[in-house]
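Chemist: Below: one structure in structure tokens.
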Amino acid sequence: MTRRSPPRGAWPDSASRPLLTPIQPSVVYATGAPDDLDAIYEGRAQGFTYAREGHPNAVALARRIDAMEGAQDGLVVGSGMAAVTAALLGALKAGDHVLGGDQLYGRTLRLFSETLPGLGIATSTADATDAAAMAAAIRPETRMILIEVVSNPTIRVADVAGIARLARDRGLLLAIDNTFTTPRAFRPFDHGADIVIHSVTKLLAGHSDATLGYVAARDADLRARIATLAVTTGLTASPFDCWLAERGLFTFDLRYDRAEANAAALADTLARLPGVRRVLYPTRADHPDHNRAAALLGGHGSHMVSFEIAGGRAEANALVRAAEGIAFAPTLGDVATTLSHPASSSHRGLTPERRADLGMGEGFFRVSAGCEPTDALCEAFARAVEGSGAAAV
Ligand SMILES: *Cc1c(COP(=O)(O)O)cnc(C)c1O
């Protein structure tokens with residue numbers, strides 16, 4: 001007698017149940033008969049068919065983010081850019097125009113300048129802190145406005161109330177990329193958004209070990225168009241990444257609150273240091289959008305703080321070298337603090353003059369605060385600024 005091995009997909013019986021969401025990497029799902037497939041495809045039965053079309057780990061993660069955003073049937077996709085792409089291509093067609101904030105995430109701006117025009121979708125950008133400037137940029141073919149609430153890396157706060165009013169009055173879709181603010185500080189659907197987008201890669205997953213995105217739409221037809229676009233173009237997320245992100249979400253509130261408190265303390269510390277020219281943090285009285293931030297973010301600031309030191313590239317190099325224990329890395333939302341230098345990374349494609357116009361010279365840095373002990377973090381930055389030599393410039 002040979003011993004038969006169990007069928008693939010068999011799982012030991014258990015009178016107990018696991019505390020955690022299982023990982024389901026299966027690419028394909030078997031059903032009993034063609035009628036069973038009909039039932040799944042026609043929505044009469046809940047089920048999966050093929051992982052690109054959906055899998056349990058993406059759905060489990062999406063339902064958690066839905067609850068945080070007050071959304072219904074959001075979709076988890078393979079990256080934040082996949083979410084931006086699904087939202088734009090799901091909602092727009094050739095001949096349409098989309099208006100973006102002029103300080104959107106760098107790759108989103110690239111989608112605007114290169115990809116969308118090639119598909120016949122016209123794009124332009126305007127200052128999202130000024131609803132009148134956005135209104136002036138609307139065209140007869142405009143179908144959508146896409147903004148971020150807190151801009152990267154200059155930490156300006158969009159006039160969300162004014163832009164939402166504008167979108168409603170002109171019958172335009174309003175899409176908000178809520179990556180920086182997160183549902184802890186801001187819920188776009190409560191402020192008139194039609195579409196919410198996240199790079200889950202950042203604070204939501206929070207550990208720099210999963211690349212994922214999320215997109216949700218208020219309208220069911222639009223949701224279906226976005227989902228079809230994502231499935232057809234293969235923007236699908238990996239089950240393992242979804243599982244990691246779901247685990248990360250269990251500590252999201254704790255991580256957010258600590259990171260935000262660290263960013264606020266760091267902003268105040270930096271503002272007192274000789275050699276620091278300016279600090280940008282939304283809850284500080286010296287922030288240009290202080291009142292708007294207070295009204296929109298309910299007392300929250302952000303985990304992001306930007307600052308500028310005196311001097312040029314030499315001082316910037318010296319600051320990074322003196323920033324002991326702080327990773328110099330162009331990301332955000334990690335459990336540990338990261339420091340980035342837009343002039344040599346995200347905004348290196350701009351001319352020095354254009355960067356200066358935007359207030360991002362060689363001395364300009366962006367910090368994504370992590371969850372370290374606050375005092376140690378502030379001391380590390382105080383030593384870094386001292387080591388930069390900016391005070392002597
Ligand atoms: C990082 C980021 C994205 C893109 O997300 P990925 O997961 O890196 O593709 C989009 N929007 C904002 C605001 C981001 O910070």
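Following the order of the structure tokens, chains are lettered A, B, ..., residues in each are numbered from 1, and ligands are numbered from 1.
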Would you name the residues within 8 Å of ligand 1, counting only C-alpha atoms and all ligand atoms, and put them as an MDAnalysis selection string?
Modeler: chainID A and resid 78:84 104:105 107:108 148 151:152 177:180 197:202 211:213 331:332
Chemist: Pick out each residue of region 302-332 of chain A that DSSP on the backbone tags as helix (DSSP H, G or I); I need them as a list in words.
Modeler: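 Residues of region 302-332 of chain A classed as helix (DSSP H, G or I): Arg313, Ala314, Glu315, Ala316, Asn317, Ala318, Leu319, Val320, Arg321 and Ala322 of chain A.
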Chemist: Report as a tab-separated table: every residue of region 340-380 of chain A with an atom at most 6 Å from region 256-270 of chain A, its closest pair of atoms, and their distance in Å to one decimal, counting only C-alpha atoms, with rows sorted by chain and ascending residue number.
Modeler:
```
residue	atom	partner	partner_atom	distance
A:Ala369	CA	A:Ala259	CA	5.2
A:Gly370	CA	A:Ala259	CA	4.9
A:Cys371	CA	A:Ala259	CA	5.2
A:Thr374	CA	A:Asn262	CA	5.5
A:Cys378	CA	A:Leu266	CA	5.5
```
Chemist: May I have the selected residues written with C-alpha atoms, as an mmCIF file, in the first residue's frame?
Modeler:
```cif
data_model
loop_
_atom_site.group_PDB
_atom_site.id
_atom_site.type_symbol
_atom_site.label_atom_id
_atom_site.label_comp_id
_atom_site.auth_asym_id
_atom_site.auth_seq_id
_atom_site.Cartn_x
_atom_site.Cartn_y
_atom_site.Cartn_z
ATOM 1 C CA ALA A 369 9.309 61.358 12.104
ATOM 2 C CA GLY A 370 9.289 57.807 13.428
ATOM 3 C CA CYS A 371 8.551 56.297 16.807
ATOM 4 C CA THR A 374 11.338 62.062 21.600
ATOM 5 C CA CYS A 378 15.497 65.965 19.114
#
```
Chemist: Step one, run DSSP on the backbone; step two, keep only residues of region 199-390 of chain A assigned to strand (DSSP E); then write them as a PyMOL selection string.
Modeler: chain A and resi 199+213-217+276-280+304-309+327-328+338-340+364-368
Chemist: Please produce a file of the residues just selected, as a PDB file, in the first residue's frame, where the atoms kept are C-alpha atoms.
Modeler:
```pdb
ATOM      1  CA  SER A 199       0.013  54.809  -0.641  1.00  0.00           C
ATOM      2  CA  GLY A 213      -1.982  51.154  -2.503  1.00  0.00           C
ATOM      3  CA  TYR A 214      -5.668  51.666  -1.797  1.00  0.00           C
ATOM      4  CA  VAL A 215      -8.433  53.414  -3.734  1.00  0.00           C
ATOM      5  CA  ALA A 216     -12.073  53.883  -2.790  1.00  0.00           C
ATOM      6  CA  ALA A 217     -14.889  55.717  -4.581  1.00  0.00           C
ATOM      7  CA  VAL A 276      17.956  76.908  11.028  1.00  0.00           C
ATOM      8  CA  ARG A 277      16.288  79.488   8.791  1.00  0.00           C
ATOM      9  CA  ARG A 278      12.725  78.220   8.867  1.00  0.00           C
ATOM     10  CA  VAL A 279      10.625  75.297   9.971  1.00  0.00           C
ATOM     11  CA  LEU A 280       7.411  74.140   8.320  1.00  0.00           C
ATOM     12  CA  MET A 304       6.195  65.227   8.489  1.00  0.00           C
ATOM     13  CA  VAL A 305       8.247  68.324   9.231  1.00  0.00           C
ATOM     14  CA  SER A 306      10.443  70.262   6.829  1.00  0.00           C
ATOM     15  CA  PHE A 307      13.176  72.763   7.628  1.00  0.00           C
ATOM     16  CA  GLU A 308      15.851  74.827   5.969  1.00  0.00           C
ATOM     17  CA  ILE A 309      19.365  75.481   7.182  1.00  0.00           C
ATOM     18  CA  ALA A 327      18.501  57.097   7.893  1.00  0.00           C
ATOM     19  CA  PHE A 328      19.036  59.379   4.894  1.00  0.00           C
ATOM     20  CA  THR A 338      13.980  59.178   7.851  1.00  0.00           C
ATOM     21  CA  LEU A 339      15.539  62.306   6.428  1.00  0.00           C
ATOM     22  CA  SER A 340      15.368  63.363   2.807  1.00  0.00           C
ATOM     23  CA  PHE A 364      16.010  72.323   2.586  1.00  0.00           C
ATOM     24  CA  PHE A 365      15.258  68.989   4.306  1.00  0.00           C
ATOM     25  CA  ARG A 366      12.153  66.895   4.905  1.00  0.00           C
ATOM     26  CA  VAL A 367      11.833  64.672   7.951  1.00  0.00           C
ATOM     27  CA  SER A 368       9.404  61.779   8.346  1.00  0.00           C
TER      28      SER A 368
END
```
Chemist: To one decimal place in Å, what is the distance between CA of Ala356 (chain A) and CA of Val150 (chain A)?
Modeler: 19.7 Å
Chemist: To one decimal place in Å, what is the distance between CA of Leu116 (chain A) and CA of Gly95 (chain A)?
Modeler: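 CA of Leu116 (chain A) sits 10.6 Å away from CA of Gly95 (chain A).
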Chemist: Please list as a ChimeraX atom specification every residue within 12 Å of Thr228 (chain A), counting only C-alpha atoms and excluding residues in the same chain fewer than 4 positions away.
Modeler: /A:52-54,75,86-87,89-91,221-224,232-236
Chemist: Skip Arg184 (chain A) itself and residues of its chain fewer than 5 positions away, then list as number ranges by chain all residues within 10 Å of it, counting only C-alpha atoms.
Modeler: A: 68-69, 252-253, 256-257, 297-298, 300, 302
Chemist: Using only C-alpha atoms, can you tell me which of A:His290, A:Lys93, A:Ala67, A:Phe381 comes closest to Gly118 (chain A)?
Modeler: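 Checking each candidate against Gly118 (chain A), we get A:Lys93 as the closest.
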Chemist: Which polymer residues have any atom within 8 Å of an atom of Met360 (chain A), counting only C-alpha atoms, with same-chain residues fewer than 3 positions away left out, as JSON, numbers by chain?
Modeler: {"A": [154, 342, 343, 355, 356, 357, 363, 364]}
Chemist: As an exercise, work out the distance from CA of Leu92 (chain A) to CA of Arg143 (chain A) in Å and give it to one decimal place.
Modeler: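 Those two atoms sit 7.3 Å apart.
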Chemist: Can you tell me, as a count of residues only, what residues are no more than 9 Å from Phe240 (chain A) when counting only C-alpha atoms, ignoring any on the same chain fewer than 4 positions away?
Modeler: 7
Chemist: Between A:His55, A:Arg348, A:Arg139, A:His191, which is the closest to Val77 (chain A) once you count only C-alpha atoms?
Modeler: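 Smallest distance to Val77 (chain A) is found for A:His55.
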Chemist: Restricting the calculation to only C-alpha atoms: of A:His303, A:Arg284, A:Arg292, A:Arg247, which residue gets closest to Leu20 (chain A)?
Modeler: A:Arg247
Chemist: Which residue is closest to Ile155 (chain A)? Choose from A:Asp13, A:Asp38, A:Asp209, A:Asp289 and count only C-alpha atoms.
Modeler: A:Asp289
